[in-house]
Structure formats: C-alpha cells, structure tokens
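The file target23.cif comes next; it holds mmCIF, C-alpha atoms.
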data_final
#
loop_
_atom_site.label_atom_id
_atom_site.label_comp_id
_atom_site.auth_asym_id
_atom_site.auth_seq_id
_atom_site.Cartn_x
_atom_site.Cartn_y
_atom_site.Cartn_z
CA MET C 6 20.43 -21.32 -3.99
CA GLY C 7 18.30 -18.35 -4.90
CA ALA C 8 17.10 -17.06 -1.54
CA LYS C 9 17.37 -13.39 -0.63
CA THR C 10 16.40 -11.57 2.56
CA TRP C 11 16.85 -8.17 4.16
CA MET C 12 14.69 -7.94 7.23
CA LEU C 13 14.55 -6.98 10.90
CA VAL C 14 12.54 -8.88 13.51
CA MET C 15 11.54 -7.52 16.93
CA SER C 16 10.20 -9.97 19.49
CA ASN C 17 9.21 -10.37 23.10
CA GLY C 18 11.31 -13.45 23.79
CA SER C 19 11.96 -16.04 21.12
CA ALA C 20 10.60 -15.07 17.69
CA ARG C 21 10.50 -18.75 16.80
CA ASP C 22 8.24 -19.48 19.77
CA ALA C 23 6.07 -16.46 18.97
CA PHE C 24 5.46 -17.68 15.41
CA THR C 25 4.65 -21.14 16.74
CA ALA C 26 2.09 -19.68 19.12
CA SER C 27 0.29 -17.41 16.63
CA ILE C 28 0.58 -16.12 13.07
CA GLU C 29 -2.51 -13.90 13.24
CA LEU C 30 -1.64 -10.64 11.51
CA ASP C 31 -2.74 -7.45 13.29
CA ARG C 32 -3.41 -5.18 10.32
CA GLN C 33 -4.11 -2.04 12.31
CA ALA C 34 -0.92 -2.38 14.37
CA THR C 35 1.02 -3.20 11.20
CA THR C 36 -0.20 -0.09 9.40
CA GLU C 37 0.48 2.13 12.41
CA THR C 38 3.98 0.68 12.84
CA ALA C 39 4.79 1.16 9.16
CA HIS C 40 3.84 4.84 9.28
CA ALA C 41 5.67 5.38 12.58
CA LEU C 42 8.93 3.87 11.31
CA PHE C 43 8.81 5.51 7.88
CA PRO C 44 7.33 8.93 8.68
CA GLY C 45 8.81 10.74 5.70
CA GLU C 46 7.19 8.47 3.14
CA GLU C 47 3.83 7.94 1.52
CA LEU C 48 2.92 4.27 1.90
CA GLU C 49 0.50 2.92 -0.67
CA PRO C 50 -1.06 -0.45 0.27
CA LEU C 51 -0.39 -3.36 -2.10
CA ASP C 52 -1.50 -6.99 -2.14
CA ASP C 53 -0.24 -9.06 0.77
CA GLY C 54 3.01 -10.98 0.65
CA ASN C 55 4.36 -13.49 3.16
CA LEU C 56 7.59 -14.53 4.87
CA CYS C 57 8.98 -15.57 1.50
CA TRP C 58 8.78 -11.88 0.47
CA THR C 59 11.46 -10.47 2.79
CA ASN C 60 13.57 -9.07 -0.07
CA PRO C 61 11.43 -6.16 -1.31
CA THR C 62 12.67 -3.74 -3.93
CA ASP C 63 13.94 -0.32 -2.89
CA LYS C 64 10.46 1.07 -3.54
CA GLU C 65 8.54 -1.42 -1.40
CA LEU C 66 8.12 -2.36 2.24
CA CYS C 67 6.90 -5.66 3.70
CA ILE C 68 5.82 -5.66 7.34
CA GLY C 69 3.74 -7.67 9.77
CA CYS C 70 2.82 -7.27 13.46
CA PHE C 71 1.82 -10.44 15.28
CA PRO C 72 1.42 -11.26 18.98
CA ASP C 73 4.92 -10.81 20.45
CA VAL C 74 6.76 -10.48 17.12
CA THR C 75 7.10 -7.86 14.35
CA VAL C 76 8.74 -8.41 10.95
CA ILE C 77 10.01 -5.52 8.83
CA ALA C 78 11.59 -6.16 5.42
CA ALA C 79 13.11 -3.08 3.79
CA ARG C 80 16.18 -1.89 1.90
CA GLU C 81 17.65 -0.41 5.11
CA PHE C 82 18.62 -3.91 6.29
CA GLY C 83 20.49 -5.12 3.21
CA ILE C 84 23.83 -3.63 4.29
CA ASP C 85 27.31 -5.12 4.61
CA ASN C 86 27.60 -4.16 8.28
CA PRO C 87 24.33 -5.18 9.94
CA SER C 88 25.41 -3.62 13.24
CA ARG C 89 25.00 -0.21 11.59
CA ILE C 90 21.27 -0.22 10.85
CA PRO C 91 19.51 3.13 11.41
CA GLU C 92 19.18 3.84 15.11
CA ARG C 93 15.44 4.55 14.89
CA PHE C 94 14.67 0.85 14.52
CA LEU C 95 16.53 -0.05 17.71
CA GLU C 96 14.84 2.81 19.55
CA ALA C 97 11.43 1.55 18.40
CA ALA C 98 12.25 -1.96 19.63
CA GLY C 99 13.05 -0.82 23.16
CA ASN C 100 14.02 -3.85 25.27
CA ARG C 101 12.69 -6.38 22.79
CA LEU C 102 15.02 -8.82 21.07
CA VAL C 103 16.10 -7.54 17.66
CA THR C 104 17.51 -9.67 14.85
CA VAL C 105 18.60 -8.51 11.41
CA HIS C 106 18.86 -11.22 8.75
CA ALA C 107 20.20 -10.51 5.28
CA MET C 108 21.49 -12.68 2.46
CA HIS C 109 21.88 -12.41 -1.29
CA SER C 110 22.28 -15.47 -3.48
CA VAL C 111 23.88 -13.63 -6.40
CA VAL C 112 27.04 -12.90 -4.39
CA ASP C 113 26.68 -15.69 -1.80
CA TRP C 114 26.55 -13.10 0.99
CA PHE C 115 25.03 -13.57 4.43
CA ALA C 116 24.86 -11.20 7.38
CA TYR C 117 23.03 -11.06 10.66
CA ALA C 118 23.03 -9.09 13.89
CA HIS C 119 21.32 -9.70 17.21
CA TRP C 120 20.54 -7.27 20.05
CA GLN C 121 19.31 -7.96 23.57
CA ASN C 122 17.95 -5.17 25.78
CA GLY C 123 19.24 -2.63 23.28
CA SER C 124 22.82 -3.96 23.31
CA LEU C 125 24.52 -5.62 20.35
CA VAL C 126 25.34 -9.24 21.17
CA ARG C 127 26.53 -10.57 17.81
CA SER C 128 27.07 -9.31 14.28
CA LEU C 129 28.48 -11.25 11.35
CA SER C 130 28.84 -10.55 7.64
CA VAL C 131 30.55 -12.99 5.26
CA ALA C 132 30.93 -13.51 1.52
CA PRO C 133 33.45 -15.54 -0.53
CA ASP C 134 34.77 -12.49 -2.39
CA SER C 135 35.03 -10.21 0.63
CA GLY C 136 35.73 -12.76 3.34
CA VAL C 137 34.66 -11.74 6.83
CA VAL C 138 33.30 -8.21 6.54
CA GLU C 139 32.09 -7.91 10.13
CA ASP C 140 32.62 -10.20 13.11
CA ILE C 141 31.50 -8.76 16.46
CA GLY C 142 30.75 -10.69 19.64
CA GLU C 143 30.88 -14.38 20.45
CA ARG C 144 29.70 -16.93 17.90
CA MET C 145 26.20 -18.18 18.60
CA ALA C 146 25.48 -21.88 19.04
CA PHE C 147 24.12 -22.47 15.53
CA GLU C 148 27.32 -21.01 13.98
CA VAL C 149 29.86 -23.21 15.77
CA PRO C 150 29.63 -26.35 13.59
CA TYR C 151 30.05 -24.22 10.46
CA TRP C 152 33.21 -22.55 11.68
CA SER C 153 34.62 -25.89 12.87
CA GLY C 154 34.41 -27.36 9.35
CA ALA C 155 31.39 -29.62 9.78
CA HIS C 156 29.81 -28.09 6.67
CA ALA C 157 32.90 -27.52 4.53
CA ILE C 158 32.43 -27.30 0.77
CA GLU C 159 33.87 -30.14 -1.27
CA GLU C 160 35.30 -28.81 -4.50
CA GLU C 161 35.81 -30.96 -7.60
CA ASP C 162 38.90 -28.93 -8.50
CA GLU C 163 41.65 -29.92 -6.07
CA ASP C 164 43.56 -26.72 -6.86
CA PHE C 165 40.69 -24.53 -5.68
CA GLU C 166 40.04 -23.91 -2.00
CA TYR C 167 36.82 -22.18 -0.99
CA PRO C 168 37.75 -19.05 0.98
CA LEU C 169 35.37 -19.79 3.87
CA PRO C 170 34.87 -22.98 5.91
CA PHE C 171 31.19 -23.04 4.88
CA HIS C 172 28.82 -21.63 2.29
CA PRO C 173 27.33 -18.34 3.60
CA LEU C 174 23.85 -19.14 2.30
CA GLU C 175 23.83 -22.45 4.16
CA LEU C 176 24.62 -20.58 7.37
CA GLY C 177 21.92 -18.07 6.45
CA GLU C 178 19.34 -20.84 6.21
CA GLU C 179 20.51 -22.20 9.57
CA ALA C 180 20.03 -18.76 11.08
CA LEU C 181 16.47 -18.58 9.73
CA LYS C 182 15.71 -21.88 11.40
CA TYR C 183 17.43 -20.97 14.66
CA PHE C 184 15.84 -17.56 15.15
CA PHE C 185 12.49 -17.85 13.37
CA GLY C 186 11.70 -21.53 12.88
CA TYR C 187 11.57 -21.68 9.08
CA GLN C 188 13.82 -22.03 6.05
CA LEU C 189 13.60 -20.91 2.43
CA GLU C 190 15.80 -23.42 0.60
CA GLY C 191 17.78 -26.60 1.08
CA PHE C 192 16.56 -29.56 3.11
CA ILE C 193 13.31 -28.47 4.70
CA ASP C 194 12.27 -30.08 7.97
CA PRO C 195 8.51 -30.79 7.71
CA ASP C 196 8.15 -29.77 11.34
CA LEU C 197 9.26 -26.22 10.59
CA LEU C 198 6.98 -23.27 9.99
CA GLU C 199 5.80 -22.81 6.40
CA PRO C 200 6.81 -19.22 5.51
CA GLU C 201 4.00 -19.01 2.95
CA ASP C 202 1.53 -19.30 5.83
CA VAL C 203 2.73 -16.11 7.53
CA PRO C 204 1.19 -13.06 5.80
CA LEU C 205 2.92 -9.70 5.52
CA MET C 206 1.39 -6.42 4.45
CA ARG C 207 3.09 -4.74 1.50
CA PHE C 208 3.38 -1.04 0.76
CA ARG C 209 4.79 0.96 -2.11
CA ARG C 210 7.23 3.53 -0.75
CA LYS C 211 7.35 7.07 -2.04
CA ARG C 212 9.16 10.03 -0.52
CA ARG C 213 6.61 12.46 0.88
CA LEU C 214 6.77 15.78 -0.98
CA LEU C 215 6.85 18.96 1.07
CA LYS C 216 3.81 21.12 0.52
CA GLN C 217 4.55 24.33 -1.32
CA PRO C 218 3.53 27.54 0.49
CA PHE C 219 0.55 29.38 -0.94
CA TRP C 220 2.76 32.47 -1.35
CA LYS C 221 5.94 32.94 -3.26
CA PHE C 222 8.51 35.65 -4.00
CA TRP C 223 8.77 37.19 -7.44
#

Taking this structure as input, can you express it in the form of structure tokens?
Amino acid sequence: MGAKTWMLVMSNGSARDAFTASIELDRQATTETAHALFPGEELEPLDDGNLCWTNPTDKELCIGCFPDVTVIAAREFGIDNPSRIPERFLEAAGNRLVTVHAMHSVVDWFAYAHWQNGSLVRSLSVAPDSGVVEDIGERMAFEVPYWSGAHAIEEEDEDFEYPLPFHPLELGEEALKYFFGYQLEGFIDPDLLEPEDVPLMRFRRKRRLLKQPFWKFW
C-alpha cells in the first residue's frame, strides 16, 4: 500500500451522499474559503489536483468547495492525535459534520476523528509501532469487524504476531469508503466514486511577510 492522506471534510449531512449528488467545484467559494482559513499566508494558485491529492507537501494546500461538502488537505491534519486539530477549523465548520482522515503508508499509520454539531464523537489513531495512540468515543460501525478479528493479518512467520488485529491502512481505506464513498487502494468497488473525477484547487503556501514601516530608528 502506498496511499497517504491528511485532510478534513466538512459536510451538511453525509459527505458520501453529497459527492454522489454533485462534484461541481465552486472555484470562487473555494478561493474565499482558502484565504479565510489561512489568513496569515500568501496562497499562489497552482494547477488543479483531485481527491487523490489529499497528501500535499508542507508548502501546499489542496481544497475544494462543492454543494454541501468542503475538502481541505493540509499539513495541519497529519497529526498523531486527530482530536487536537487547530480550533479554527471546527469554528469554521459550525454545526456541519467534520471528519479528519489521515494515513501514511511508510509507517502503516491511520487516524481519523469525527465531530457532530461541534462535539467530538470518535477519534482513533493506530500504528503497528506505536499501537493505539488515541482512542476516544465508541467505535463506529465500519470499525467493528476489524477489531473483532475479521480482517486479521496472516503472517508467514509463526513466531511473529502482528501487534494490531488489523492493518491500519486497510481500516483507513474502509473509512474512506464509509465517510466519502471512494477508496485509493486495495479492492475497488466499481460502484464507488472515482477520486480522480473530483477536482481540488491547489495553492502554494507562503507565510505572509509583515510590511516594514516607512520610517525607522537610527
């Protein structure tokens, strides 16, 4: 597996249903939202990406506003404790559903958090080296089979036991399907949304420099 994500999704109701209904990108709303959420930065427009581009570098931002759903991919969401994202993003979401999804194939790490009406409902962060980093709230329906051993890893070496009852990236793909209706790797259901079909605007991020006063002291 080579998939990576660090993104936040705000939605009026189910994001999966919103994507099914429309994937028409509102460029004006996207640009305005980007500047509102990252006010201390200069944002230089780049060529478009898509839902496969939700792991931007530290110096880039991927974002898209659609009817009833907004996607923001930025470094702020690639953290071990997804419940601790900067408060400004939750304030901007208001009473909309908020979901953070993050995974990194190099370390087999997956994390997600979900808020309803501004309140944290569930947060999970797992990796084979670190174990369970964060586990807040009741397990959501899509998680249950993984914790019960239905997707246990079969190891060729009988002396080795995988430290988790599932592979974190497999659960990460299941979360993508559950919340957003698409997957990046593994068995792909042809009835799912094609992430390449959902455009995202891309910006280069640069810290805005404070203007120097026209006077100075000698």

Output check: residues returned by the PyMOL selection byres ((chain C and resi 171-173) around 9), as a VMD selection string: chain C and resid 108 113 to 116 130 to 133 151 to 152 154 to 158 167 to 170 174 to 178

For C:Pro87, the nearest of the candidates C:Glu65, C:Glu37, C:Asp134, C:Asp140, counting all atoms listed in the file: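 Of C:Glu65, C:Glu37, C:Asp134, C:Asp140, the one nearest C:Pro87 is C:Asp140, counting all atoms listed in the file.
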
If you take all atoms listed in the file and a cut-off of 9 Å, which residues of stretch 53-115 of chain C touch stretch 16-36 of chain C, and what are their nearest atom pairs and distances in Å to one decimal, in chain and number order, as a tab-separated table?
residue	atom	partner	partner_atom	distance
C:Ile68	CA	C:Thr35	CA	6.6
C:Gly69	CA	C:Thr35	CA	5.4
C:Cys70	CA	C:Thr35	CA	5.0
C:Phe71	CA	C:Leu30	CA	5.1
C:Pro72	CA	C:Ser27	CA	6.7
C:Asp73	CA	C:Asn17	CA	5.1
C:Val74	CA	C:Ser16	CA	4.2
C:Thr75	CA	C:Ser16	CA	6.4
C:Val76	CA	C:Ser16	CA	8.8
C:Ala98	CA	C:Ser16	CA	8.3
C:Asn100	CA	C:Asn17	CA	8.4
C:Arg101	CA	C:Asn17	CA	5.3
C:Leu102	CA	C:Ser16	CA	5.2
C:Val103	CA	C:Ser16	CA	6.6
C:Thr104	CA	C:Ser16	CA	8.7

10 Å contact set for C:Trp11, only C-alpha atoms, chain neighbours under 4 positions out, as a ChimeraX atom specification: /C:58-61,77-84,87,105-109,115-117

Residues returned when the PyMOL selection byres ((chain C and resi 124) around 12) runs on this file, as a list in words: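 Selected by the PyMOL selection byres ((chain C and resi 124) around 12) here: Ser88, Glu92, Leu95, Glu96, Ala98, Gly99, Asn100, Arg101, Leu102, Val103, Thr104, Ala118, His119, Trp120, Gln121, Asn122, Gly123, Leu125, Val126, Arg127, Ser128 and Gly142 of chain C.
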
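Residues in contact range of stretch 183-187 of chain C, defined as at most 7 Å between only C-alpha atoms, with sequence neighbours fewer than 4 positions away removed, read Ala20, Arg21, Phe147, Glu179, Leu197, Leu198, Glu199 and Pro200 of chain C.
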
Mind writing the picked residues with C-alpha atoms as a short mmCIF file (atom, residue, chain, number, x, y, z; two decimals), in the coordinates of the input?
data_model
loop_
_atom_site.label_atom_id
_atom_site.label_comp_id
_atom_site.auth_asym_id
_atom_site.auth_seq_id
_atom_site.Cartn_x
_atom_site.Cartn_y
_atom_site.Cartn_z
CA ALA C 20 10.60 -15.07 17.69
CA ARG C 21 10.50 -18.75 16.80
CA PHE C 147 24.12 -22.47 15.53
CA GLU C 179 20.51 -22.20 9.57
CA LEU C 197 9.26 -26.22 10.59
CA LEU C 198 6.98 -23.27 9.99
CA GLU C 199 5.80 -22.81 6.40
CA PRO C 200 6.81 -19.22 5.51
#

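The space between atom CA of C:Lys9 and atom CA of C:Arg210 spans 19.7 Å.
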
Selection result for the PyMOL selection byres ((chain C and resi 43) around 12) on this file, as a list in words: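 After applying the PyMOL selection byres ((chain C and resi 43) around 12), what remains is Thr36, Glu37, Thr38, Ala39, His40, Ala41, Leu42, Pro44, Gly45, Glu46, Glu47, Leu48, Glu65, Leu66, Ile68, Ile77, Ala79, Glu81, Pro91, Arg93, Phe94, Ala97, Phe208, Arg209, Arg210, Lys211, Arg212 and Arg213 of chain C.
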
Coordinates-based distance that separates atom CA of C:Gly191 from atom CA of C:Ile90 (Å, one decimal):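 So the answer is 28.3 Å.
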
Pairwise distance for atom CA of C:Lys182 and atom CA of C:Asp63, rounded to one decimal in Å: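 A separation of 25.9 Å between them.
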